[in-house]
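K.L.:
Just so it is clear, I am handing over input36.txt, which has compact mmCIF, N, CA and C atoms.
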# COMPACT_ATOMS: atom_id res chain seq x y z
N GLN A 59 49.82 18.64 -32.04
CA GLN A 59 50.75 17.52 -31.96
C GLN A 59 50.23 16.44 -31.05
N VAL A 60 50.80 15.25 -31.24
CA VAL A 60 50.43 14.10 -30.42
C VAL A 60 51.70 13.35 -30.02
N GLN A 61 51.91 13.17 -28.75
CA GLN A 61 52.99 12.31 -28.27
C GLN A 61 52.39 10.95 -27.91
N LEU A 62 53.12 9.91 -28.30
CA LEU A 62 52.64 8.55 -28.09
C LEU A 62 53.70 7.75 -27.34
N VAL A 63 53.28 6.99 -26.35
CA VAL A 63 54.19 6.16 -25.58
C VAL A 63 53.64 4.74 -25.52
N GLU A 64 54.44 3.80 -26.05
CA GLU A 64 54.04 2.40 -26.04
C GLU A 64 54.58 1.68 -24.80
N SER A 65 53.88 0.63 -24.42
CA SER A 65 54.36 -0.23 -23.34
C SER A 65 53.76 -1.62 -23.53
N GLY A 66 54.32 -2.59 -22.81
CA GLY A 66 53.75 -3.93 -22.81
C GLY A 66 54.52 -4.96 -23.60
N GLY A 67 55.59 -4.54 -24.27
CA GLY A 67 56.38 -5.52 -25.01
C GLY A 67 57.19 -6.40 -24.07
N GLY A 68 57.81 -7.42 -24.66
CA GLY A 68 58.64 -8.31 -23.86
C GLY A 68 58.88 -9.62 -24.57
N LEU A 69 59.41 -10.57 -23.81
CA LEU A 69 59.71 -11.91 -24.34
C LEU A 69 58.55 -12.84 -23.99
N VAL A 70 58.08 -13.57 -24.98
CA VAL A 70 56.97 -14.50 -24.77
C VAL A 70 57.22 -15.76 -25.58
N GLN A 71 56.78 -16.87 -25.08
CA GLN A 71 56.94 -18.14 -25.80
C GLN A 71 55.91 -18.25 -26.92
N PRO A 72 56.23 -19.03 -27.94
CA PRO A 72 55.23 -19.27 -29.00
C PRO A 72 53.93 -19.80 -28.41
N GLY A 73 52.82 -19.27 -28.93
CA GLY A 73 51.51 -19.62 -28.41
C GLY A 73 51.03 -18.73 -27.30
N GLY A 74 51.91 -17.88 -26.80
CA GLY A 74 51.55 -17.00 -25.69
C GLY A 74 50.84 -15.74 -26.14
N SER A 75 50.59 -14.87 -25.18
CA SER A 75 49.85 -13.63 -25.42
C SER A 75 50.57 -12.45 -24.80
N LEU A 76 50.34 -11.29 -25.40
CA LEU A 76 50.82 -10.02 -24.86
C LEU A 76 49.77 -8.97 -25.17
N ARG A 77 49.74 -7.94 -24.34
CA ARG A 77 48.85 -6.80 -24.60
C ARG A 77 49.70 -5.54 -24.62
N LEU A 78 49.72 -4.90 -25.76
CA LEU A 78 50.44 -3.63 -25.90
C LEU A 78 49.50 -2.47 -25.61
N SER A 79 50.07 -1.44 -25.03
CA SER A 79 49.30 -0.22 -24.74
C SER A 79 50.00 0.97 -25.37
N CYS A 80 49.20 1.94 -25.77
CA CYS A 80 49.72 3.19 -26.34
C CYS A 80 48.97 4.33 -25.67
N ALA A 81 49.73 5.15 -24.95
CA ALA A 81 49.14 6.30 -24.27
C ALA A 81 49.39 7.55 -25.11
N ALA A 82 48.32 8.28 -25.38
CA ALA A 82 48.41 9.51 -26.17
C ALA A 82 48.38 10.73 -25.26
N SER A 83 49.03 11.80 -25.74
CA SER A 83 49.15 13.02 -24.93
C SER A 83 47.93 13.93 -25.04
N ARG A 84 47.00 13.56 -25.89
CA ARG A 84 45.80 14.37 -26.05
C ARG A 84 44.60 13.45 -26.27
N SER A 85 43.44 14.03 -26.26
CA SER A 85 42.24 13.25 -26.49
C SER A 85 42.32 12.55 -27.84
N ILE A 86 42.00 11.26 -27.86
CA ILE A 86 42.04 10.52 -29.11
C ILE A 86 40.70 10.54 -29.82
N PHE A 87 39.72 11.17 -29.18
CA PHE A 87 38.38 11.18 -29.76
C PHE A 87 38.39 11.84 -31.14
N SER A 88 39.21 12.89 -31.29
CA SER A 88 39.22 13.63 -32.54
C SER A 88 40.31 13.18 -33.50
N ILE A 89 41.05 12.18 -33.13
CA ILE A 89 42.11 11.68 -34.01
C ILE A 89 41.49 10.77 -35.07
N TYR A 90 41.84 11.01 -36.33
CA TYR A 90 41.21 10.30 -37.44
C TYR A 90 41.47 8.80 -37.37
N ALA A 91 42.71 8.43 -37.13
CA ALA A 91 43.05 7.01 -37.10
C ALA A 91 44.19 6.77 -36.13
N MET A 92 44.10 5.65 -35.44
CA MET A 92 45.22 5.20 -34.60
C MET A 92 45.46 3.74 -34.89
N GLY A 93 46.74 3.38 -34.83
CA GLY A 93 47.03 2.01 -35.20
C GLY A 93 48.37 1.53 -34.68
N TRP A 94 48.64 0.29 -35.00
CA TRP A 94 49.89 -0.36 -34.64
C TRP A 94 50.60 -0.83 -35.91
N TYR A 95 51.88 -0.54 -35.97
CA TYR A 95 52.74 -1.01 -37.03
C TYR A 95 53.87 -1.80 -36.37
N ARG A 96 54.56 -2.58 -37.18
CA ARG A 96 55.72 -3.30 -36.65
C ARG A 96 56.83 -3.35 -37.69
N GLN A 97 58.04 -3.49 -37.18
CA GLN A 97 59.20 -3.60 -38.06
C GLN A 97 60.12 -4.68 -37.52
N ALA A 98 60.26 -5.72 -38.30
CA ALA A 98 61.17 -6.81 -37.95
C ALA A 98 62.56 -6.49 -38.49
N PRO A 99 63.60 -7.10 -37.93
CA PRO A 99 64.96 -6.84 -38.40
C PRO A 99 65.09 -7.09 -39.89
N GLY A 100 65.63 -6.12 -40.61
CA GLY A 100 65.86 -6.27 -42.03
C GLY A 100 64.63 -6.13 -42.90
N LYS A 101 63.51 -5.76 -42.30
CA LYS A 101 62.26 -5.64 -43.06
C LYS A 101 61.68 -4.24 -42.93
N GLN A 102 60.77 -3.92 -43.85
CA GLN A 102 60.11 -2.62 -43.79
C GLN A 102 59.03 -2.62 -42.71
N ARG A 103 58.72 -1.42 -42.26
CA ARG A 103 57.64 -1.26 -41.31
C ARG A 103 56.32 -1.60 -42.00
N GLU A 104 55.47 -2.35 -41.30
CA GLU A 104 54.20 -2.76 -41.90
C GLU A 104 53.05 -2.52 -40.94
N LEU A 105 51.88 -2.31 -41.53
CA LEU A 105 50.68 -2.14 -40.73
C LEU A 105 50.30 -3.46 -40.08
N VAL A 106 49.97 -3.40 -38.79
CA VAL A 106 49.44 -4.57 -38.09
C VAL A 106 47.93 -4.43 -37.96
N ALA A 107 47.50 -3.29 -37.44
CA ALA A 107 46.06 -3.05 -37.28
C ALA A 107 45.83 -1.57 -37.07
N ASP A 108 44.71 -1.07 -37.57
CA ASP A 108 44.36 0.29 -37.24
C ASP A 108 42.87 0.43 -37.00
N LEU A 109 42.55 1.53 -36.37
CA LEU A 109 41.18 1.80 -35.93
C LEU A 109 40.87 3.24 -36.33
N ARG A 110 39.86 3.40 -37.18
CA ARG A 110 39.57 4.73 -37.72
C ARG A 110 38.31 5.30 -37.10
N SER A 111 38.11 6.58 -37.33
CA SER A 111 36.91 7.23 -36.79
C SER A 111 35.68 6.47 -37.28
N GLY A 112 34.74 6.30 -36.39
CA GLY A 112 33.60 5.45 -36.72
C GLY A 112 33.81 4.03 -36.28
N SER A 113 34.99 3.78 -35.70
CA SER A 113 35.34 2.48 -35.12
C SER A 113 35.54 1.37 -36.13
N SER A 114 35.79 1.72 -37.39
CA SER A 114 36.15 0.67 -38.35
C SER A 114 37.57 0.21 -38.09
N THR A 115 37.80 -1.09 -38.26
CA THR A 115 39.12 -1.65 -38.01
C THR A 115 39.67 -2.31 -39.26
N ASN A 116 41.00 -2.40 -39.29
CA ASN A 116 41.68 -3.00 -40.42
C ASN A 116 42.85 -3.81 -39.87
N TYR A 117 43.01 -5.04 -40.33
CA TYR A 117 44.08 -5.91 -39.84
C TYR A 117 44.90 -6.46 -41.00
N ALA A 118 46.18 -6.64 -40.74
CA ALA A 118 47.01 -7.38 -41.69
C ALA A 118 46.52 -8.82 -41.74
N ASP A 119 46.61 -9.42 -42.92
CA ASP A 119 46.16 -10.81 -43.07
C ASP A 119 46.87 -11.74 -42.10
N SER A 120 48.12 -11.46 -41.83
CA SER A 120 48.93 -12.37 -41.00
C SER A 120 48.50 -12.38 -39.53
N VAL A 121 47.70 -11.38 -39.11
CA VAL A 121 47.31 -11.32 -37.70
C VAL A 121 45.81 -11.48 -37.49
N LYS A 122 45.05 -11.55 -38.57
CA LYS A 122 43.60 -11.69 -38.45
C LYS A 122 43.24 -12.92 -37.63
N GLY A 123 42.33 -12.73 -36.69
CA GLY A 123 41.91 -13.83 -35.84
C GLY A 123 42.79 -14.05 -34.63
N ARG A 124 43.94 -13.39 -34.58
CA ARG A 124 44.86 -13.53 -33.44
C ARG A 124 45.02 -12.23 -32.66
N PHE A 125 45.01 -11.11 -33.35
CA PHE A 125 45.22 -9.81 -32.73
C PHE A 125 43.92 -9.03 -32.73
N THR A 126 43.76 -8.18 -31.69
CA THR A 126 42.59 -7.32 -31.60
C THR A 126 43.01 -5.93 -31.17
N ILE A 127 42.61 -4.94 -31.94
CA ILE A 127 42.89 -3.55 -31.59
C ILE A 127 41.66 -2.97 -30.91
N SER A 128 41.90 -2.14 -29.90
CA SER A 128 40.79 -1.49 -29.19
C SER A 128 41.28 -0.16 -28.65
N LYS A 129 40.34 0.65 -28.20
CA LYS A 129 40.71 1.95 -27.64
C LYS A 129 39.84 2.28 -26.45
N ASP A 130 40.35 3.17 -25.64
CA ASP A 130 39.61 3.69 -24.49
C ASP A 130 39.70 5.21 -24.57
N ASN A 131 38.64 5.84 -25.03
CA ASN A 131 38.68 7.30 -25.20
C ASN A 131 38.89 8.02 -23.87
N ALA A 132 38.35 7.47 -22.80
CA ALA A 132 38.48 8.12 -21.49
C ALA A 132 39.93 8.14 -21.01
N LYS A 133 40.69 7.12 -21.41
CA LYS A 133 42.09 7.02 -20.99
C LYS A 133 43.05 7.50 -22.08
N ASN A 134 42.51 7.93 -23.21
CA ASN A 134 43.37 8.36 -24.34
C ASN A 134 44.37 7.26 -24.69
N ALA A 135 43.88 6.05 -24.79
CA ALA A 135 44.76 4.91 -24.99
C ALA A 135 44.23 3.98 -26.07
N VAL A 136 45.18 3.33 -26.72
CA VAL A 136 44.88 2.31 -27.72
C VAL A 136 45.63 1.05 -27.33
N TYR A 137 45.01 -0.08 -27.56
CA TYR A 137 45.60 -1.35 -27.13
C TYR A 137 45.71 -2.32 -28.30
N LEU A 138 46.62 -3.26 -28.18
CA LEU A 138 46.72 -4.35 -29.14
C LEU A 138 46.85 -5.65 -28.35
N GLN A 139 45.79 -6.42 -28.35
CA GLN A 139 45.83 -7.73 -27.71
C GLN A 139 46.33 -8.75 -28.72
N MET A 140 47.42 -9.41 -28.38
CA MET A 140 48.06 -10.35 -29.30
C MET A 140 48.01 -11.75 -28.70
N ASN A 141 47.34 -12.64 -29.37
CA ASN A 141 47.22 -14.03 -28.92
C ASN A 141 47.86 -14.97 -29.92
N SER A 142 48.12 -16.18 -29.50
CA SER A 142 48.69 -17.22 -30.37
C SER A 142 49.92 -16.70 -31.11
N LEU A 143 50.79 -16.09 -30.37
CA LEU A 143 51.98 -15.48 -30.97
C LEU A 143 52.90 -16.54 -31.57
N VAL A 144 53.52 -16.16 -32.68
CA VAL A 144 54.48 -17.03 -33.38
C VAL A 144 55.78 -16.26 -33.54
N PRO A 145 56.88 -16.98 -33.76
CA PRO A 145 58.17 -16.29 -33.89
C PRO A 145 58.17 -15.18 -34.95
N GLU A 146 57.37 -15.35 -35.98
CA GLU A 146 57.32 -14.33 -37.05
C GLU A 146 56.69 -13.01 -36.58
N ASP A 147 56.10 -13.00 -35.40
CA ASP A 147 55.56 -11.76 -34.84
C ASP A 147 56.64 -10.94 -34.14
N THR A 148 57.83 -11.48 -34.04
CA THR A 148 58.93 -10.75 -33.41
C THR A 148 59.25 -9.49 -34.19
N ALA A 149 59.20 -8.35 -33.49
CA ALA A 149 59.42 -7.06 -34.14
C ALA A 149 59.36 -5.95 -33.09
N VAL A 150 59.74 -4.77 -33.51
CA VAL A 150 59.44 -3.58 -32.73
C VAL A 150 58.07 -3.09 -33.17
N TYR A 151 57.20 -2.89 -32.20
CA TYR A 151 55.83 -2.46 -32.48
C TYR A 151 55.70 -0.96 -32.17
N TYR A 152 55.17 -0.25 -33.14
CA TYR A 152 55.03 1.21 -33.04
C TYR A 152 53.56 1.60 -33.03
N CYS A 153 53.25 2.55 -32.18
CA CYS A 153 51.92 3.15 -32.18
C CYS A 153 51.92 4.33 -33.15
N ASN A 154 50.84 4.50 -33.87
CA ASN A 154 50.72 5.56 -34.86
C ASN A 154 49.40 6.31 -34.67
N ALA A 155 49.46 7.60 -34.87
CA ALA A 155 48.24 8.42 -34.88
C ALA A 155 48.26 9.33 -36.10
N ARG A 156 47.15 9.37 -36.79
CA ARG A 156 47.02 10.26 -37.94
C ARG A 156 46.08 11.39 -37.54
N PHE A 157 46.63 12.59 -37.46
CA PHE A 157 45.91 13.72 -36.90
C PHE A 157 46.17 14.96 -37.75
N HIS A 158 45.13 15.56 -38.27
CA HIS A 158 45.24 16.76 -39.11
C HIS A 158 46.21 16.52 -40.26
N GLY A 159 46.14 15.34 -40.86
CA GLY A 159 46.93 15.04 -42.03
C GLY A 159 48.37 14.67 -41.77
N MET A 160 48.76 14.57 -40.52
CA MET A 160 50.14 14.22 -40.18
C MET A 160 50.18 12.91 -39.40
N ASP A 161 51.28 12.19 -39.59
CA ASP A 161 51.50 10.95 -38.87
C ASP A 161 52.42 11.19 -37.68
N TYR A 162 52.00 10.65 -36.53
CA TYR A 162 52.81 10.73 -35.32
C TYR A 162 53.14 9.31 -34.87
N TRP A 163 54.36 9.14 -34.34
CA TRP A 163 54.85 7.81 -33.97
C TRP A 163 55.39 7.79 -32.56
N GLY A 164 55.20 6.67 -31.90
CA GLY A 164 55.90 6.44 -30.65
C GLY A 164 57.29 5.90 -30.92
N LYS A 165 58.04 5.63 -29.86
CA LYS A 165 59.40 5.14 -30.02
C LYS A 165 59.46 3.63 -30.19
N GLY A 166 58.36 2.96 -29.95
CA GLY A 166 58.29 1.53 -30.17
C GLY A 166 58.53 0.70 -28.93
N THR A 167 58.02 -0.52 -28.98
CA THR A 167 58.24 -1.49 -27.91
C THR A 167 58.56 -2.83 -28.56
N LEU A 168 59.58 -3.50 -28.03
CA LEU A 168 60.07 -4.73 -28.65
C LEU A 168 59.26 -5.93 -28.17
N VAL A 169 58.81 -6.72 -29.12
CA VAL A 169 58.15 -8.00 -28.84
C VAL A 169 59.02 -9.11 -29.41
N THR A 170 59.40 -10.03 -28.57
CA THR A 170 60.21 -11.17 -28.99
C THR A 170 59.46 -12.46 -28.67
N VAL A 171 59.22 -13.25 -29.70
CA VAL A 171 58.52 -14.53 -29.53
C VAL A 171 59.54 -15.64 -29.76
N SER A 172 59.88 -16.31 -28.68
CA SER A 172 60.93 -17.32 -28.76
C SER A 172 60.79 -18.29 -27.60
N SER A 173 61.20 -19.53 -27.85
CA SER A 173 61.22 -20.52 -26.79
C SER A 173 62.60 -20.61 -26.16
Write the structure described by the file as structure tokens, please.
P.N.:
Amino acid sequence: QVQLVESGGGLVQPGGSLRLSCAASRSIFSIYAMGWYRQAPGKQRELVADLRSGSSTNYADSVKGRFTISKDNAKNAVYLQMNSLVPEDTAVYYCNARFHGMDYWGKGTLVTVSS
């Protein structure tokens, strides 16, 4: 099993930046994929970015060039650097880990982009 805890959400003005963190309860070195998803009010949960074994990355078109996913194996952590935020980025952001064929989720952290 993998427990995930997100942090770093909050209120930010349009054009601002935030860095989300996801702490895992076990070594992430052997986890097949880790990523960030988000769910806006009234919408389905969607992939924002993920990072797979071999360090390949995948981004939603809406965040390409603005968001960057990274990891620190020594700290068992995954990060999402979000720049040039727009109101449409407002959502609850969830950390995800795919391990031994199962998906694990954190409880989420709220990001609100508003002036």
K.L.:
Between atom C of Ile89 in chain A and atom C of Lys122 in chain A, what is the distance, to one decimal in Å?
P.N.:
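According to the coordinates, atom C of Ile89 in chain A and atom C of Lys122 in chain A are separated by 23.9 Å.
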K.L.:
Report, in Å with one decimal, the straight-line distance from CA of Lys101 in chain A to CA of Lys165 in chain A.
P.N.:
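Taking CA of Lys101 in chain A as the start and CA of Lys165 in chain A as the end point, the length is 17.2 Å.
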K.L.:
Determine, counting all atoms listed in the file, which protein, DNA and RNA residues have an atom within 7 Å of an atom of Ala82 in chain A; residues of the same chain fewer than 2 positions away are not included. Present the result as JSON, numbers by chain.
P.N.:
{"A": [60, 61, 62, 63, 80, 84, 85, 86, 133, 134, 135, 136]}
K.L.:
Please, which residues of chain A, numbered as in this document, come out strand (DSSP E or B) from DSSP, as a ChimeraX atom specification?
P.N.:
/A:62-65,68-70,76-82,91-97,104-110,114-117,125-130,135-140,149-157,160-163,167-171
K.L.:
So, with all atoms listed in the file as the atoms that count, which of A:Val169, A:Tyr95, A:Cys153, A:Leu109 lies closest to Ala81 in chain A?
P.N.:
A:Cys153
K.L.:
Taking only N, CA and C atoms into account, which of A:Ser111, A:Gly73, A:Leu143, A:Thr126 comes nearest Phe87 in chain A?
P.N.:
A:Ser111
K.L.:
What does the structure give for the distance between atom N of Glu146 in chain A and CA of Gln97 in chain A, in Å to one decimal?
P.N.:
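Pair atom N of Glu146 in chain A / CA of Gln97 in chain A returns 12.1 Å.
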K.L.:
Taking into account only N, CA and C atoms, which residue in the set A:Met92, A:Thr170, A:Arg103, A:Ser79 is nearest to Val144 in chain A?
P.N.:
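The shortest atom-to-atom distance to Val144 in chain A comes from A:Thr170.
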K.L.:
For Val70 in chain A, please output as a ChimeraX atom specification all residues within 12 Å (counting only C-alpha atoms; exclusion window: fewer than 5 positions along the same chain).
P.N.:
/A:75-77,140-145,147-148,168-173
K.L.:
Could you find all residues in chain A that DSSP calls helix (DSSP H, G or I) from the backbone, and write them as a list in words?
P.N.:
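The residues of chain A classed as helix (DSSP H, G or I) are Asn131, Ala132, Lys133, Pro145, Glu146 and Asp147 of chain A.
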K.L.:
Pick from A:Gln139, A:Ser88, A:Ser113, A:Asn154: nearest to Gly74 in chain A, with only C-alpha atoms counted?
P.N.:
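Once distances to Gly74 in chain A are computed over only C-alpha atoms, the minimum belongs to A:Gln139.
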K.L.:
With all atoms listed in the file as the basis for distance, which of A:Tyr137, A:Pro72, A:Val106, A:Ala91 is at the shortest distance from Ser120 in chain A?
P.N.:
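Selected residue with least distance to Ser120 in chain A: A:Val106.
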K.L.:
Name the residues in contact with Tyr152 in chain A at a cut-off of 6.5 Å, using only N, CA and C atoms, excluding same-chain residues fewer than 4 positions from it; report them as a PyMOL selection string.
P.N.:
chain A and resi 93-97+163-167
K.L.:
Which residue out of A:Ser65, A:Gln71, A:Leu78, A:His158 has the minimum interatomic distance to Ile127 in chain A when only C-alpha atoms are used?
P.N.:
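Smallest separation from Ile127 in chain A among the options: A:Leu78.
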